[in-house]
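S.K.: Below is the file structure.cif, with mmCIF, C-alpha atoms.
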data_target
loop_
_atom_site.group_PDB
_atom_site.id
_atom_site.type_symbol
_atom_site.label_atom_id
_atom_site.label_comp_id
_atom_site.auth_asym_id
_atom_site.auth_seq_id
_atom_site.Cartn_x
_atom_site.Cartn_y
_atom_site.Cartn_z
ATOM 1 C CA MET A 10 -96.833 -104.169 22.297
ATOM 2 C CA VAL A 11 -95.726 -101.255 20.130
ATOM 3 C CA VAL A 12 -92.002 -100.706 19.807
ATOM 4 C CA CYS A 13 -90.718 -97.364 18.659
ATOM 5 C CA SER A 14 -87.309 -96.663 17.357
ATOM 6 C CA SER A 15 -86.111 -93.133 17.600
ATOM 7 C CA PRO A 16 -82.754 -91.643 16.794
ATOM 8 C CA ARG A 17 -80.833 -90.681 19.886
ATOM 9 C CA LEU A 18 -79.831 -87.110 20.277
ATOM 10 C CA SER A 19 -76.149 -86.539 19.949
ATOM 11 C CA THR A 20 -74.704 -85.254 23.189
ATOM 12 C CA THR A 21 -71.078 -84.916 22.227
ATOM 13 C CA ARG A 22 -70.992 -81.161 22.838
ATOM 14 C CA THR A 23 -71.948 -79.149 25.860
ATOM 15 C CA ALA A 24 -74.927 -76.833 25.836
ATOM 16 C CA ALA A 25 -72.639 -73.973 26.817
ATOM 17 C CA SER A 26 -71.111 -73.990 23.335
ATOM 18 C CA SER A 27 -74.184 -72.298 21.902
ATOM 19 C CA THR A 28 -76.084 -69.450 23.492
ATOM 20 C CA PRO A 29 -78.934 -68.250 21.213
ATOM 21 C CA ALA A 30 -82.548 -68.795 22.192
ATOM 22 C CA PRO A 31 -82.078 -70.923 25.316
ATOM 23 C CA ARG A 32 -85.795 -70.869 26.140
ATOM 24 C CA SER A 33 -86.904 -72.049 22.696
ATOM 25 C CA ARG A 34 -84.172 -74.710 22.651
ATOM 26 C CA GLY A 35 -85.428 -76.046 25.967
ATOM 27 C CA GLN A 36 -89.008 -76.131 24.743
ATOM 28 C CA LEU A 37 -87.973 -77.896 21.542
ATOM 29 C CA ASP A 38 -85.874 -80.402 23.516
ATOM 30 C CA GLN A 39 -88.968 -81.153 25.618
ATOM 31 C CA ALA A 40 -91.122 -81.503 22.506
ATOM 32 C CA LEU A 41 -88.618 -83.909 20.983
ATOM 33 C CA ALA A 42 -88.421 -85.982 24.141
ATOM 34 C CA GLY A 43 -92.225 -86.111 24.309
ATOM 35 C CA LEU A 44 -92.762 -87.478 20.802
ATOM 36 C CA THR A 45 -94.482 -90.840 20.763
ATOM 37 C CA CYS A 46 -94.552 -93.593 18.156
ATOM 38 C CA THR A 47 -97.686 -92.114 16.676
ATOM 39 C CA SER A 48 -95.994 -88.745 16.214
ATOM 40 C CA ALA A 49 -92.669 -90.029 14.875
ATOM 41 C CA LYS A 50 -93.082 -88.105 11.623
ATOM 42 C CA GLN A 51 -92.832 -84.869 13.591
ATOM 43 C CA ARG A 52 -89.327 -85.820 14.796
ATOM 44 C CA SER A 53 -87.686 -84.473 11.626
ATOM 45 C CA VAL A 54 -89.569 -81.175 11.940
ATOM 46 C CA VAL A 55 -88.629 -80.682 15.593
ATOM 47 C CA LEU A 56 -84.991 -81.572 14.854
ATOM 48 C CA ALA A 57 -84.907 -79.004 12.031
ATOM 49 C CA ASP A 58 -86.422 -76.441 14.406
ATOM 50 C CA LEU A 59 -83.667 -77.243 16.912
ATOM 51 C CA ALA A 60 -81.142 -76.641 14.129
ATOM 52 C CA THR A 61 -82.709 -73.218 13.627
ATOM 53 C CA ALA A 62 -82.473 -72.478 17.348
ATOM 54 C CA HIS A 63 -78.762 -73.391 17.222
ATOM 55 C CA GLY A 64 -78.186 -71.597 13.926
ATOM 56 C CA SER A 65 -75.247 -69.554 15.183
ATOM 57 C CA ASP A 66 -73.355 -72.775 16.016
ATOM 58 C CA GLY A 67 -72.774 -74.693 12.794
ATOM 59 C CA ASP A 68 -71.777 -77.894 14.589
ATOM 60 C CA TRP A 69 -75.008 -78.067 16.561
ATOM 61 C CA ALA A 70 -77.160 -77.019 13.600
ATOM 62 C CA ALA A 71 -75.528 -79.613 11.340
ATOM 63 C CA ASP A 72 -75.937 -82.319 13.959
ATOM 64 C CA TYR A 73 -79.654 -81.655 14.310
ATOM 65 C CA LEU A 74 -80.178 -81.409 10.548
ATOM 66 C CA ASN A 75 -78.371 -84.706 9.982
ATOM 67 C CA GLN A 76 -80.501 -86.321 12.680
ATOM 68 C CA ALA A 77 -83.572 -84.965 10.889
ATOM 69 C CA VAL A 78 -82.439 -86.573 7.628
ATOM 70 C CA ASP A 79 -81.816 -89.852 9.470
ATOM 71 C CA ALA A 80 -85.318 -89.665 10.941
ATOM 72 C CA LEU A 81 -86.762 -89.184 7.452
ATOM 73 C CA TYR A 82 -85.340 -92.534 6.375
ATOM 74 C CA THR A 83 -87.464 -94.352 8.951
ATOM 75 C CA ASP A 84 -90.457 -92.004 9.121
ATOM 76 C CA TRP A 85 -90.882 -90.241 5.787
ATOM 77 C CA TYR A 86 -92.543 -86.854 5.997
ATOM 78 C CA GLY A 87 -92.381 -84.406 3.099
ATOM 79 C CA THR A 88 -92.845 -81.463 5.445
ATOM 80 C CA GLY A 89 -89.799 -82.654 7.391
ATOM 81 C CA LEU A 90 -87.669 -82.604 4.244
ATOM 82 C CA ASP A 91 -89.034 -79.166 3.379
ATOM 83 C CA ARG A 92 -88.046 -77.930 6.838
ATOM 84 C CA VAL A 93 -84.528 -79.383 6.510
ATOM 85 C CA ARG A 94 -84.129 -77.640 3.157
ATOM 86 C CA ALA A 95 -85.432 -74.370 4.608
ATOM 87 C CA VAL A 96 -82.911 -74.453 7.461
ATOM 88 C CA ARG A 97 -79.993 -75.663 5.299
ATOM 89 C CA PRO A 98 -78.755 -72.103 4.497
ATOM 90 C CA VAL A 99 -77.569 -71.634 8.105
ATOM 91 C CA LEU A 100 -74.686 -73.976 7.246
ATOM 92 C CA GLY A 101 -73.553 -71.849 4.301
ATOM 93 C CA ASP A 102 -70.717 -73.258 2.216
ATOM 94 C CA SER A 103 -69.193 -75.186 5.113
ATOM 95 C CA ARG A 104 -68.183 -78.837 5.058
ATOM 96 C CA HIS A 105 -71.245 -79.448 7.250
ATOM 97 C CA GLY A 106 -73.409 -77.997 4.517
ATOM 98 C CA ALA A 107 -71.776 -80.195 1.882
ATOM 99 C CA GLN A 108 -72.256 -83.293 4.052
ATOM 100 C CA LEU A 109 -75.901 -82.426 4.623
ATOM 101 C CA ASP A 110 -76.406 -81.884 0.900
ATOM 102 C CA GLU A 111 -75.016 -85.376 0.279
ATOM 103 C CA GLY A 112 -77.366 -86.827 2.889
ATOM 104 C CA VAL A 113 -80.399 -85.090 1.407
ATOM 105 C CA ALA A 114 -79.404 -86.210 -2.100
ATOM 106 C CA ALA A 115 -79.065 -89.820 -0.923
ATOM 107 C CA LEU A 116 -82.420 -89.635 0.840
ATOM 108 C CA THR A 117 -84.221 -88.227 -2.167
ATOM 109 C CA ALA A 118 -82.554 -90.769 -4.474
ATOM 110 C CA SER A 119 -83.660 -93.621 -2.225
ATOM 111 C CA ARG A 120 -87.191 -92.232 -2.152
ATOM 112 C CA ALA A 121 -87.221 -91.901 -5.951
ATOM 113 C CA ALA A 122 -86.142 -95.548 -6.302
ATOM 114 C CA LEU A 123 -89.219 -96.752 -4.424
ATOM 115 C CA PRO A 124 -92.157 -98.036 -6.469
ATOM 116 C CA GLY A 125 -94.347 -95.073 -7.284
ATOM 117 C CA GLY A 126 -91.525 -92.673 -6.302
#
Take the structure I supplied and represent it as structure tokens, if you would.

M.R.:
Amino acid sequence: MVVCSSPRLSTTRTAASSTPAPRSRGQLDQALAGLTCTSAKQRSVVLADLATAHGSDGDWAADYLNQAVDALYTDWYGTGLDRVRAVRPVLGDSRHGAQLDEGVAALTASRAALPGG
């Protein structure tokens, strides 16, 4: 039996709080829900793409980017980190951006501490 662990999507806000790209958000939500254990590395990429789709709402974008960083701790994927870094500018100089920067720094420091890192 294969057991997968996957971060749960935060559902503390309503979808009505953000209006850009509803079609792409829905497709990305479906893609995220459809990820299997064998495609867990893609979770961080899809979460970063969801952050892009919610880019006009800093709370949503930050939530998805932080989930992407969390996913990278369990399923490392360099492309996922690249995608998080590419989307990071949508948060600007906000406290969300600073918190994400701290999370990325902690992730990269933990990766560097690994043998061969």

S.K.: Can you list, as a PyMOL selection string, every protein, DNA or RNA residue that comes within 9 Å of Arg97 in chain A when you count all atoms listed in the file, leaving out same-chain residues fewer than 4 positions away?

M.R.: chain A and resi 57+60+70-71+74+92-93+101+106+109-110

S.K.: For Leu59 in chain A, which residue among A:Thr47, A:Ser119, A:Ser33, A:Thr83 is the nearest when counting only C-alpha atoms?

M.R.: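 Result for the nearest residue to Leu59 in chain A: A:Ser33.
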
S.K.: Counting only C-alpha atoms, which of A:Ala49, A:Ala95, A:His105, A:Val55 gets nearest to Asp72 in chain A?

M.R.: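 Selected residue with least distance to Asp72 in chain A: A:His105.
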
S.K.: Care to translate the PyMOL selection byres ((chain A and resi 84) around 9) into actual residues of this file, as a PyMOL selection string?

M.R.: chain A and resi 49-53+79-83+85-86

S.K.: Under the rule that all atoms listed in the file are counted, which of A:Ser103, A:Val54, A:Ala118, A:Asp38 is the nearest residue to Asp91 in chain A?

M.R.: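 The shortest atom-to-atom distance to Asp91 in chain A comes from A:Val54.
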
S.K.: Distance CA of Leu123 in chain A-CA of Arg94 in chain A, one decimal place?

M.R.: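 Rounded to one decimal, the two atoms are 21.2 Å apart.
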